[in-house]
Structure formats: structure tokens, C-alpha cells
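Beneath this line is the structure, given in C-alpha cells, with notes to follow.
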Amino acid sequence: MTLEERCIPVKVDLDIVLARVEGRNLAKELGFGTIDQARIATAISELARNVVLYAPEGKVTLRAIISDNGERGIEVVCEDTGPGIADVELVMQDGYSTSSGLGMGLPGTKRLMDEFELETELGVGTKVTVRKWLK
Amino acid sequence: MEVPRIPILQIEDYLVASIQMALHDTAATRFRDDLLARIYETKARGLILDLTAVDVVDSFLARLTGDIAAMAGLMGTTVVITGLQPEVAVTLVELGVELKGVTTALNLEKGIAALRRMVGEGKHP
């Protein structure tokens, strides 16, 4: 269930900073500690950067969520209208990159968060959903 | 778009730059170029890059930091990174980013001491 929702359009590198600042603020409001705040902000940074690098535009949606058994958490959905990912297994490997990046973005983001889902369609776009639960 | 600039201070033979704001990629890349230009101008023997006020180091900024150390090293200037916050250290390791070949110190004071040792000044007080 969604309690609150904020949406940040992502097109240029400045938007990456805006998205992660909003994400950190929401995480802080929800009661996440500083290390989890940094994990969430870093994950948003990695996801939003993929949009800027590979897609014409996209958006980051931040949600305060509550699970069926009452756990509270944060959900970050990053979706773009980019080219999509041809080989998902390959991009989830550490060190694989088609840009000048480190290739740690997606596998690193998965390690930083509790849940990670990736949906992609060639020529349509990519949607990554990550969640972190308050413990 | 206005690109914020980070002050680069000179103390004796060293340069000190402290990042005090959230840098977007363009500003971070500009900062790298500014630093290298200042190293060339001042012939600094060492550079302290202070990250005390930085709350997020993503893979881009991590790569840039490593690049700065490597590029300054090629020019003959030793770089020490100081003040990495605990949460930044945690996220860098979880992200899988290793700052290979980069010297780090807990704070500015220890950073200066490390730099002095590395450039050999400690031997002649």
C-alpha cells in the first residue's frame, strides 16, 4: 500500500542530484538511519544516472509503502523510454558496462537495497523497482 | 546551467580542496579539470581531497576520485582523500567500488601527515 508518492522527472545530470536528495529526505522522514539513507540515495543516483546515460528521458517515483504484514519501507521506481536492455543477465554482472562507467550500477544497486526488480523491453524502455524496509 | 565551482586552497606546497556541496556530473568533471590545472600552475607536491561533507559517493564520483588520484599521480603530485563518512565507506564497499591505489586518511590533519610522509618531508624536520 502506498502512503505517499513523489515523482521527479529525469533528463539531465542535475536531475540525478534532485532525485537522490528527495529520496534521502523521504528516507529520513520515514525513520531510516544514516547508513540506510546513504544506501537509498546511492541506489537512486545509480538508477537515475542510467536514465541520463542511456535514455532520452525518464522519471523516478518515490513511495512510502507499507507491506501486508505492516512493515514500513520505501519504494523507488525508475522508468525510462530508452532502448531497453538486450541481455539482462549480462548487465547484472559486476563490471559490465556499455558506457564509460564502472559497470557497478545495477548489480551494486541490488546489493544496496532489500528488493530489486527489473522489467525491460527493447525499443520501449526499462523499469527498475527497488525497495528497502525499515528494520 | 550554472556550474558551481569548488575552491582550491594552497598551503605551502600542498593544495587542499573540500567538496561542500552535492555535485552533479558536469560540476564534478569541471572540478577535476580545475584541480589538474591548479596542480600544473602551482607545481604542488601534494593534494588533499576532503570528502567530509559529501554524503553520497556513487559509482560516478568514485570513478572520478580514482581518476583524479591517477591523473595527479602522473603529473607527479601525491593525492590523499580524507574524511570519508562511515555511510559512504559502507555504500562504496556494497556497491562494489574499490578505490584502488588511492590513499585515504581519517581527517584533514592525518591527511596532511600522510602526505608529508609520502613526499618525504617527514624525514627532514
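Chain labels A, B, ... are given in the sequence in which chains occur in the C-alpha cells; within each chain residues are numbered consecutively from 1, and ligands are likewise numbered from 1 in the order shown.
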Determine, counting only C-alpha atoms, which protein, DNA and RNA residues have an atom within 12 Å of an atom of Met71 of chain B; residues of the same chain fewer than 3 positions away are not included. Present the result as a short mmCIF file (atom, residue, chain, number, x, y, z; two decimals) with N, CA and C atoms, in the first residue's frame.
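Below you can see around_36.cif, which holds the result:
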```cif
data_model
loop_
_atom_site.label_atom_id
_atom_site.label_comp_id
_atom_site.auth_asym_id
_atom_site.auth_seq_id
_atom_site.Cartn_x
_atom_site.Cartn_y
_atom_site.Cartn_z
N ARG B 32 37.45 18.29 -11.58
CA ARG B 32 38.65 17.50 -11.90
C ARG B 32 39.61 18.31 -12.79
N ASP B 33 39.03 18.94 -13.80
CA ASP B 33 39.86 19.71 -14.73
C ASP B 33 40.50 20.91 -14.03
N LEU B 35 41.24 21.13 -10.86
CA LEU B 35 42.29 20.62 -9.97
C LEU B 35 43.58 20.37 -10.73
N LEU B 36 43.47 19.71 -11.87
CA LEU B 36 44.67 19.38 -12.65
C LEU B 36 45.35 20.66 -13.14
N ALA B 37 44.56 21.65 -13.51
CA ALA B 37 45.12 22.93 -13.96
C ALA B 37 45.87 23.61 -12.81
N ILE B 39 47.18 22.16 -10.16
CA ILE B 39 48.39 21.39 -9.86
C ILE B 39 49.51 21.82 -10.80
N TYR B 40 49.17 21.98 -12.07
CA TYR B 40 50.17 22.37 -13.07
C TYR B 40 50.71 23.77 -12.78
N LEU B 47 48.17 16.84 -2.88
CA LEU B 47 46.80 17.34 -2.94
C LEU B 47 45.95 16.57 -1.94
N ARG B 63 34.59 6.85 -9.42
CA ARG B 63 35.50 6.73 -10.56
C ARG B 63 36.28 8.02 -10.77
N LEU B 64 35.56 9.14 -10.62
CA LEU B 64 36.20 10.44 -10.81
C LEU B 64 37.30 10.66 -9.77
N THR B 65 37.03 10.25 -8.54
CA THR B 65 38.02 10.39 -7.47
C THR B 65 39.27 9.57 -7.79
N GLY B 66 39.06 8.34 -8.24
CA GLY B 66 40.18 7.48 -8.63
C GLY B 66 40.93 8.09 -9.80
N ASP B 67 40.18 8.66 -10.74
CA ASP B 67 40.81 9.30 -11.91
C ASP B 67 41.68 10.47 -11.48
N ILE B 68 41.17 11.29 -10.55
CA ILE B 68 41.93 12.46 -10.08
C ILE B 68 43.25 12.00 -9.48
N LEU B 74 50.25 10.94 -12.25
CA LEU B 74 51.03 11.01 -13.50
C LEU B 74 51.80 12.31 -13.60
N MET B 75 51.21 13.37 -13.00
CA MET B 75 51.87 14.67 -13.05
C MET B 75 52.91 14.82 -11.94
N GLY B 76 53.00 13.80 -11.07
CA GLY B 76 54.00 13.84 -10.00
C GLY B 76 53.47 14.40 -8.70
N THR B 77 52.16 14.49 -8.56
CA THR B 77 51.56 15.03 -7.34
C THR B 77 50.84 13.91 -6.58
N THR B 78 51.16 13.79 -5.31
CA THR B 78 50.56 12.75 -4.48
C THR B 78 49.19 13.19 -3.97
N VAL B 79 48.21 12.31 -4.03
CA VAL B 79 46.85 12.67 -3.60
C VAL B 79 46.44 11.83 -2.39
N GLY B 101 44.51 1.95 -5.32
CA GLY B 101 45.65 2.85 -5.49
C GLY B 101 45.42 4.25 -4.94
N VAL B 102 44.30 4.44 -4.22
CA VAL B 102 44.02 5.76 -3.66
C VAL B 102 44.34 5.73 -2.17
#
```
Chain B contacts on chain A, only C-alpha atoms, 9 Å, as an mmCIF file with C-alpha atoms, in the first residue's frame:
```cif
data_model
loop_
_atom_site.group_PDB
_atom_site.id
_atom_site.type_symbol
_atom_site.label_atom_id
_atom_site.label_comp_id
_atom_site.auth_asym_id
_atom_site.auth_seq_id
_atom_site.Cartn_x
_atom_site.Cartn_y
_atom_site.Cartn_z
ATOM 1 C CA ASP A 13 22.632 15.197 -14.708
ATOM 2 C CA LEU A 14 21.253 17.839 -12.332
ATOM 3 C CA ASP A 15 18.070 15.734 -12.025
ATOM 4 C CA ILE A 16 20.148 12.861 -10.609
ATOM 5 C CA VAL A 17 21.071 15.065 -7.650
ATOM 6 C CA ARG A 20 18.623 11.458 -4.666
ATOM 7 C CA VAL A 21 18.108 14.457 -2.363
ATOM 8 C CA THR A 34 22.063 7.443 8.115
ATOM 9 C CA ILE A 35 23.609 4.331 6.545
ATOM 10 C CA ASP A 36 20.309 3.237 5.009
ATOM 11 C CA GLN A 37 19.680 6.835 3.874
ATOM 12 C CA ALA A 38 23.041 6.739 2.079
ATOM 13 C CA ARG A 39 22.244 3.311 0.560
ATOM 14 C CA ALA A 41 20.375 7.861 -2.057
ATOM 15 C CA THR A 42 23.226 5.995 -3.770
ATOM 16 C CA ALA A 43 20.830 3.477 -5.348
ATOM 17 C CA SER A 45 21.834 8.015 -8.049
ATOM 18 C CA GLU A 46 22.864 4.859 -9.926
ATOM 19 C CA ARG A 49 22.280 8.032 -13.991
ATOM 20 C CA ASP A 94 29.784 -6.732 -11.911
ATOM 21 C CA GLY A 101 31.029 3.790 -16.282
ATOM 22 C CA LEU A 102 32.305 1.255 -13.808
ATOM 23 C CA GLY A 103 29.594 -1.250 -14.602
ATOM 24 C CA MET A 104 28.632 -1.459 -10.941
ATOM 25 C CA GLY A 105 25.314 0.434 -11.269
ATOM 26 C CA PRO A 107 24.402 -5.131 -9.501
ATOM 27 C CA GLY A 108 25.597 -2.564 -6.948
ATOM 28 C CA THR A 109 22.095 -1.124 -6.567
ATOM 29 C CA LYS A 110 20.746 -4.624 -5.981
ATOM 30 C CA ARG A 111 23.254 -5.138 -3.152
ATOM 31 C CA LEU A 112 22.367 -1.793 -1.551
#
```
From the DSSP assignment of the backbone, select every residue of chain A that is helix (DSSP H, G or I), and format the answer as a PyMOL selection string. chain A and resi 13-29+34-54+88-91+105-112
Write out as a PyMOL selection string all residues of chain B that backbone DSSP assigns to strand (DSSP E or B). chain B and resi 8-11+14-18+46-50+78-82+103-105
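As for atom CA of Gly125 of chain A and atom CA of Arg72 of chain A, they are spaced 29.1 Å apart.
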